[in-house]
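Reading through the structure tokens given below for one structure.
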Amino acid sequence: MRKNIIVPLLITAAALGGCGGKKQPVATQVDDVAPFVTVRDGKFYLGDSTYKYIGTNFWYGAILASEGRGGNPERLARELDSLKAMGIDNLRVLAGGDGDEGLASHISPTLQTAPGVYNDTLLRGLDNLLAELEKRDMRAVIYLNNAWEWSGGYSTYLEWAGAGKAVNPADAGYPAYMKYASQFVTNDSAKALAANHVRNIVSRVSTVSGLPYSKSPAIMAWQIANEPRPFSPDNKKEFAEWIGETAALIKSIDPNHLVSVGSEGTAGCEEDMTLWTAIHLYPDVDYATIHIWPYNWSWIKPTHVADSVSVACDRTTAYINNHFTALRDSLTSNGAGLKPIVLEEFGYPRDGMATAIGSAVTGRDAYYEHVFRTVTDTDRLAGVNFWGWGGFAEPAHETWRPGDDYTGDPAQEAQGLNSVFATDSSTIDIIKRAASRL
């Protein structure tokens with residue numbers, strides 16, 4: 001059963017003490033916890049040891065960890081144990097969705113149902129997820145917003161701020177959606193609502209451990225948004241300023257954990273490398289992110305998924321190298337220390353654009369091999385998170401419906417197309433081998 005709770009919108013981080021307006025457990029001192037991930041000389045460190053990783057996207061983790069609608073703690077434990085056994089200890093997850101229920105191509109249930117109004121069952125799900133990760137010495141990158149419609153994000157904040165009914169690309173198409181979403185970085189009211197959400201989540205005190213999130217060793221980083229974009233060449237200045245302001249806000253609440261942007265690279269910066277490097281120059285942004293989608297970006301055709309891998313690999317290498325060189329040169333010329341780069345999203349469809357469990361993944365396997373080698377054998381990437389983990393899900397429909405198992409593909413994507421399932425033995429063997437080389 002869901003109970004909505006209201007968090008005052010203009011509350012300060014110091015006064016908040018966690019979402020929910022309820023008395024939180026008294027924090028207890030934890031000695032012997034795993035160290036936080038830090039950055040030195042362009043590398044991640046855990047204590048005195050360098051930290052490189054093969055990870056995955058697990059956007060639905062907090063929903064699965066909840067006790068309410070959509071929750072399945074037993075499946076969560078099974079998924080985490082399976083991932084850990086594969087050598088995966090880094091998960092990129094969504095804090096929660098925003099906005100109305102029942103919208104086409106949106107996840108369900110949503111965490112923030114109105115400005116400052118939260119589903120406390122899902123909040124406890126996020127607490128549970130972090131507790132389960134702590135048990136297994138695993139870490140999460142938690143993104144707090146989304147430029148795309150599937151979890152609410154930009155468009156929901158704009159609607160709440162009075163910018164008109166949110167445009168749903170399932171009905172109006174993506175050009176219309178992007179035009180609507182381009183208002184976000186210039187709409188002070190929408191950005192203020194998003195900032196309050198950041199305060200509410202980052203300052204939360206866990207109902208499981210009794211500790212503030214800022215003390216959790218299961219958090220590697222907070223992330224400003226999933227694929228934040230200006231959505232217009234006219235918004236570059238405002239976009240960069242919003243990134244810097246949000247990074248500083250997160251650090252002011254939680255100085256212990258890393259902060260990242262969630263950017264795709266030039267693909268999310270109006271094809272402007274200068275803008276991408278600029279948003280990673282902020283001192284409160286600890287490392288850089290890129291995403292790569294060979295099919296979505298028309299590098300390969302649906303009829304040639306399996307036999308276009310070499311083209312995808314060549315363009316992937318060029319994209320990584322270009323961003324690596326540009327970031328290094330920008331940081332050096334500005335007298336800043338080097339920062340790691342993480343390819344935190346990449347996906348490759350099943351052969352023939354199939355979606356069924358057990359369908360061929362010849363092209364994907366070859367592409368994954370190539371990407372993983374960039375992490376294990378070069379200094380270009382400090383980590384990767386493939387998209388995404390479907391695990392033990394058994395999709396009931398190609399288009400997700402409430403009540404169906406969650407997969408690595410959110411509701412706007414064909415279920416199974418980009419997911420790695422527990423039965424994809426050849427892919428899992430490749431993941432295991434790559435993780436063992438780190």
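Each chain in the structure tokens gets a letter, A, B, ..., in the order shown, and its residues are numbered from 1; ligands are numbered from 1 in order too.
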For region 384-386 of chain A, list every protein, DNA or RNA residue within 9 Å, evaluated using only C-alpha atoms, and leave out those in the same chain fewer than 6 positions away; present the list as a ChimeraX atom specification.
/A:52-57,90-92,342-347,368,371-372,375,420
- Using the chain letters and numbers from this document, which residues of region 157-340 of chain A does DSSP assign to alpha helix (DSSP H), as an MDAnalysis selection string? chainID A and resid 157:160 169:172 174:181 188:202 236:253 273:279 309:333
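Omitting Ala393 (chain A) and its sequence neighbours fewer than 4 positions away, and counting only C-alpha atoms, the residues within 7 Å are Asp405, Tyr406 and Thr407 of chain A.
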Going by DSSP on the backbone, which bits of region 44-108 of chain A are strand (DSSP E or B)? Write them as a PyMOL selection string, please. chain A and resi 44-46+49-50+53-57+90-94+98
With region 144-149 of chain A as the partner and 12 Å as the cut-off, tabulate the residues of region 375-418 of chain A that qualify, each row holding the nearest pair of atoms and their distance in Å to one decimal, using only C-alpha atoms, sorted by chain and rising number, as a Markdown table.
```
| residue | atom | partner | partner_atom | distance |
| --- | --- | --- | --- | --- |
| A:Pro410 | CA | A:Glu149 | CA | 10.7 |
| A:Ala411 | CA | A:Glu149 | CA | 10.2 |
| A:Gln412 | CA | A:Glu149 | CA | 8.8 |
| A:Glu413 | CA | A:Glu149 | CA | 12.0 |
```
Output file for the residues above (all heavy atoms, as a PDB file, in the first residue's frame):
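Here's the written file result.pdb:
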```
ATOM      1  N   PRO A 410      13.669   0.420 -20.371  1.00  0.00           N
ATOM      2  CA  PRO A 410      12.529   1.125 -19.773  1.00  0.00           C
ATOM      3  C   PRO A 410      11.298   1.043 -20.658  1.00  0.00           C
ATOM      4  O   PRO A 410      11.339   0.496 -21.769  1.00  0.00           O
ATOM      5  CB  PRO A 410      13.041   2.569 -19.654  1.00  0.00           C
ATOM      6  CG  PRO A 410      14.522   2.488 -19.759  1.00  0.00           C
ATOM      7  CD  PRO A 410      14.799   1.314 -20.646  1.00  0.00           C
ATOM      8  N   ALA A 411      10.225   1.642 -20.187  1.00  0.00           N
ATOM      9  CA  ALA A 411       8.922   1.434 -20.827  1.00  0.00           C
ATOM     10  C   ALA A 411       8.848   1.951 -22.255  1.00  0.00           C
ATOM     11  O   ALA A 411       8.011   1.489 -23.036  1.00  0.00           O
ATOM     12  CB  ALA A 411       7.833   2.104 -19.984  1.00  0.00           C
ATOM     13  N   GLN A 412       9.707   2.897 -22.625  1.00  0.00           N
ATOM     14  CA  GLN A 412       9.624   3.439 -23.985  1.00  0.00           C
ATOM     15  C   GLN A 412      10.372   2.584 -25.002  1.00  0.00           C
ATOM     16  O   GLN A 412      10.312   2.853 -26.207  1.00  0.00           O
ATOM     17  CB  GLN A 412      10.153   4.886 -24.018  1.00  0.00           C
ATOM     18  CG  GLN A 412      11.644   5.059 -24.245  1.00  0.00           C
ATOM     19  CD  GLN A 412      12.480   4.754 -23.013  1.00  0.00           C
ATOM     20  OE1 GLN A 412      11.965   4.284 -22.004  1.00  0.00           O
ATOM     21  NE2 GLN A 412      13.766   5.037 -23.091  1.00  0.00           N
ATOM     22  N   GLU A 413      11.079   1.552 -24.542  1.00  0.00           N
ATOM     23  CA  GLU A 413      11.874   0.693 -25.416  1.00  0.00           C
ATOM     24  C   GLU A 413      11.241  -0.695 -25.525  1.00  0.00           C
ATOM     25  O   GLU A 413      10.553  -1.151 -24.608  1.00  0.00           O
ATOM     26  CB  GLU A 413      13.296   0.542 -24.870  1.00  0.00           C
ATOM     27  CG  GLU A 413      14.074   1.847 -24.773  1.00  0.00           C
ATOM     28  CD  GLU A 413      14.583   2.323 -26.116  1.00  0.00           C
ATOM     29  OE1 GLU A 413      14.378   1.614 -27.121  1.00  0.00           O
ATOM     30  OE2 GLU A 413      15.171   3.420 -26.179  1.00  0.00           O
TER      31      GLU A 413
END
```
Item to complete: Just the residues within 8 Å of region 67-74 of chain A, please, counting only C-alpha atoms, with nothing from its chain fewer than 2 positions along; format it as a list in words.
Response: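 Close residues of region 67-74 of chain A: Met1, Arg2, Ile63, Leu64, Ala65, Leu76, Ala77, Arg78, Ser108, Pro109, Thr121, Leu122, Gly125 and Gly403 of chain A.
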Convert the current residue selection to file output with C-alpha atoms, as a PDB file, in the first residue's frame.
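Contents of again_3.pdb, freshly written:
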```pdb
ATOM      1  CA  MET A   1       0.000   0.000   0.000  1.00  0.00           C
ATOM      2  CA  ARG A   2       1.392   3.386  -0.977  1.00  0.00           C
ATOM      3  CA  ILE A  63      11.491  -0.150  -7.248  1.00  0.00           C
ATOM      4  CA  LEU A  64      12.479  -3.806  -7.047  1.00  0.00           C
ATOM      5  CA  ALA A  65      13.784  -3.263  -3.506  1.00  0.00           C
ATOM      6  CA  LEU A  76      16.500  -8.161  -6.074  1.00  0.00           C
ATOM      7  CA  ALA A  77      18.634 -10.384  -3.858  1.00  0.00           C
ATOM      8  CA  ARG A  78      18.912 -12.970  -6.610  1.00  0.00           C
ATOM      9  CA  SER A 108       5.501   2.985 -12.854  1.00  0.00           C
ATOM     10  CA  PRO A 109       5.186   3.456  -9.928  1.00  0.00           C
ATOM     11  CA  THR A 121       7.255   2.904   0.049  1.00  0.00           C
ATOM     12  CA  LEU A 122       9.626   3.701  -2.811  1.00  0.00           C
ATOM     13  CA  GLY A 125      12.946   0.860  -1.428  1.00  0.00           C
ATOM     14  CA  GLY A 403       2.616  -5.626 -13.661  1.00  0.00           C
TER      15      GLY A 403
END
```
Selection near Leu94 (chain A), 8 Å with only C-alpha atoms, sequence-local residues under 2 positions removed, as a compact mmCIF listing (two decimals) with N, CA, C and O atoms, in the first residue's frame:
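Final output, around08.txt:
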```txt
# COMPACT_ATOMS: atom_id res chain seq x y z
N PHE A 58 20.98 -0.52 -13.96
CA PHE A 58 19.97 -1.26 -13.22
C PHE A 58 18.94 -0.26 -12.73
O PHE A 58 18.69 -0.12 -11.54
N TRP A 59 18.36 0.49 -13.67
CA TRP A 59 17.56 1.67 -13.34
C TRP A 59 16.45 1.37 -12.35
O TRP A 59 16.06 2.22 -11.54
N TYR A 60 15.91 0.16 -12.36
CA TYR A 60 14.72 -0.19 -11.59
C TYR A 60 15.05 -0.74 -10.20
O TYR A 60 14.16 -1.22 -9.49
N GLY A 61 16.31 -0.65 -9.78
CA GLY A 61 16.72 -1.28 -8.53
C GLY A 61 15.92 -0.85 -7.32
O GLY A 61 15.55 -1.68 -6.47
N ALA A 62 15.65 0.45 -7.17
CA ALA A 62 14.92 0.92 -5.99
C ALA A 62 13.47 0.47 -6.00
O ALA A 62 12.89 0.21 -4.93
N ARG A 92 24.38 1.54 -12.04
CA ARG A 92 23.84 2.89 -12.26
C ARG A 92 22.33 2.77 -12.13
O ARG A 92 21.69 2.05 -12.90
N GLY A 96 14.33 7.61 -8.67
CA GLY A 96 12.90 7.35 -8.78
C GLY A 96 12.28 8.24 -9.84
O GLY A 96 12.84 9.28 -10.21
N GLY A 97 11.11 7.84 -10.31
CA GLY A 97 10.42 8.60 -11.34
C GLY A 97 9.61 9.74 -10.75
O GLY A 97 9.38 9.83 -9.54
N ILE A 142 23.76 7.11 -8.55
CA ILE A 142 22.32 7.39 -8.47
C ILE A 142 22.01 8.68 -9.21
O ILE A 142 22.48 9.75 -8.84
N TYR A 143 21.20 8.57 -10.28
CA TYR A 143 20.85 9.80 -10.99
C TYR A 143 19.52 10.33 -10.49
O TYR A 143 18.59 9.60 -10.18
N LEU A 144 19.46 11.67 -10.42
CA LEU A 144 18.41 12.37 -9.70
C LEU A 144 17.38 13.06 -10.61
O LEU A 144 16.38 13.58 -10.11
```
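You can rank A:Val259, A:Cys269, A:Leu331, A:Ile107 by their closest distance to Tyr287 (chain A) using only C-alpha atoms, and at the top of that list sits A:Val259.
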**Asked** Which neighbours of Leu158 (chain A) fall inside 12 Å, counting only C-alpha atoms, when residues of the same chain fewer than 3 positions from it are skipped, and could you give them as a PyMOL selection string?
**Response** chain A and resi 98-99+115+147+149+152-155+161-167+177+180-194
Taken to one decimal, the CA of Asp286 (chain A)-CA of His323 (chain A) distance is 15.8 Å
Across A:Arg350, A:Arg373, A:Gln223, A:Arg401, the smallest distance to Asp424 (chain A), with only C-alpha atoms counted, is shown by A:Arg350
Between CA of Ala278 (chain A) and CA of Trp293 (chain A) lies a distance of 22.8 Å
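Take CA of Leu103 (chain A) and CA of Ala172 (chain A): the distance between them is 13.2 Å.
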- Counting only C-alpha atoms, the residue of A:Ala382, A:Ala218, A:Thr362, A:Thr355 that sits nearest Pro395 (chain A):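 Ranking A:Ala382, A:Ala218, A:Thr362, A:Thr355 by distance to Pro395 (chain A), first place goes to A:Thr355.
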Which of these residues is nearest to Phe324 (chain A), using only C-alpha atoms: A:Gly265, A:Pro212, A:Gly116, A:Pro230?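 Among A:Gly265, A:Pro212, A:Gly116, A:Pro230, it is A:Gly265 that comes nearest to Phe324 (chain A).
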Considering only C-alpha atoms, tabulate each residue of region 344-407 of chain A that lies at most 8 Å from region 296-305 of chain A along with its nearest interatomic pair and the corresponding distance in Å to one decimal; arrange the rows by chain and ascending residue number and present them as CSV.
```
residue,atom,partner,partner_atom,distance
A:Pro349,CA,A:Val305,CA,7.0
A:Arg350,CA,A:Val305,CA,7.4
A:Asp351,CA,A:Val305,CA,5.6
A:Gly352,CA,A:Val305,CA,6.3
A:Met353,CA,A:Pro302,CA,6.2
A:Gly363,CA,A:Val305,CA,6.2
```
Residues of the last selection are to be written out with N, CA and C atoms, as a PDB file, in the first residue's frame.
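Contents of result_39.pdb, freshly written:
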```
ATOM      1  N   PRO A 349      21.806  -3.912 -29.930  1.00  0.00           N
ATOM      2  CA  PRO A 349      20.613  -4.766 -30.038  1.00  0.00           C
ATOM      3  C   PRO A 349      20.970  -6.236 -30.268  1.00  0.00           C
ATOM      4  N   ARG A 350      19.990  -7.066 -30.028  1.00  0.00           N
ATOM      5  CA  ARG A 350      20.100  -8.466 -30.410  1.00  0.00           C
ATOM      6  C   ARG A 350      20.088  -8.580 -31.938  1.00  0.00           C
ATOM      7  N   ASP A 351      20.656  -9.651 -32.435  1.00  0.00           N
ATOM      8  CA  ASP A 351      20.691  -9.873 -33.881  1.00  0.00           C
ATOM      9  C   ASP A 351      19.275  -9.771 -34.457  1.00  0.00           C
ATOM     10  N   GLY A 352      19.174  -9.086 -35.608  1.00  0.00           N
ATOM     11  CA  GLY A 352      17.883  -8.972 -36.268  1.00  0.00           C
ATOM     12  C   GLY A 352      16.873  -8.141 -35.509  1.00  0.00           C
ATOM     13  N   MET A 353      17.322  -7.371 -34.513  1.00  0.00           N
ATOM     14  CA  MET A 353      16.442  -6.545 -33.673  1.00  0.00           C
ATOM     15  C   MET A 353      15.424  -7.403 -32.924  1.00  0.00           C
ATOM     16  N   GLY A 363      26.252 -10.083 -32.608  1.00  0.00           N
ATOM     17  CA  GLY A 363      26.769  -8.730 -32.748  1.00  0.00           C
ATOM     18  C   GLY A 363      27.064  -8.088 -31.404  1.00  0.00           C
TER      19      GLY A 363
END
```
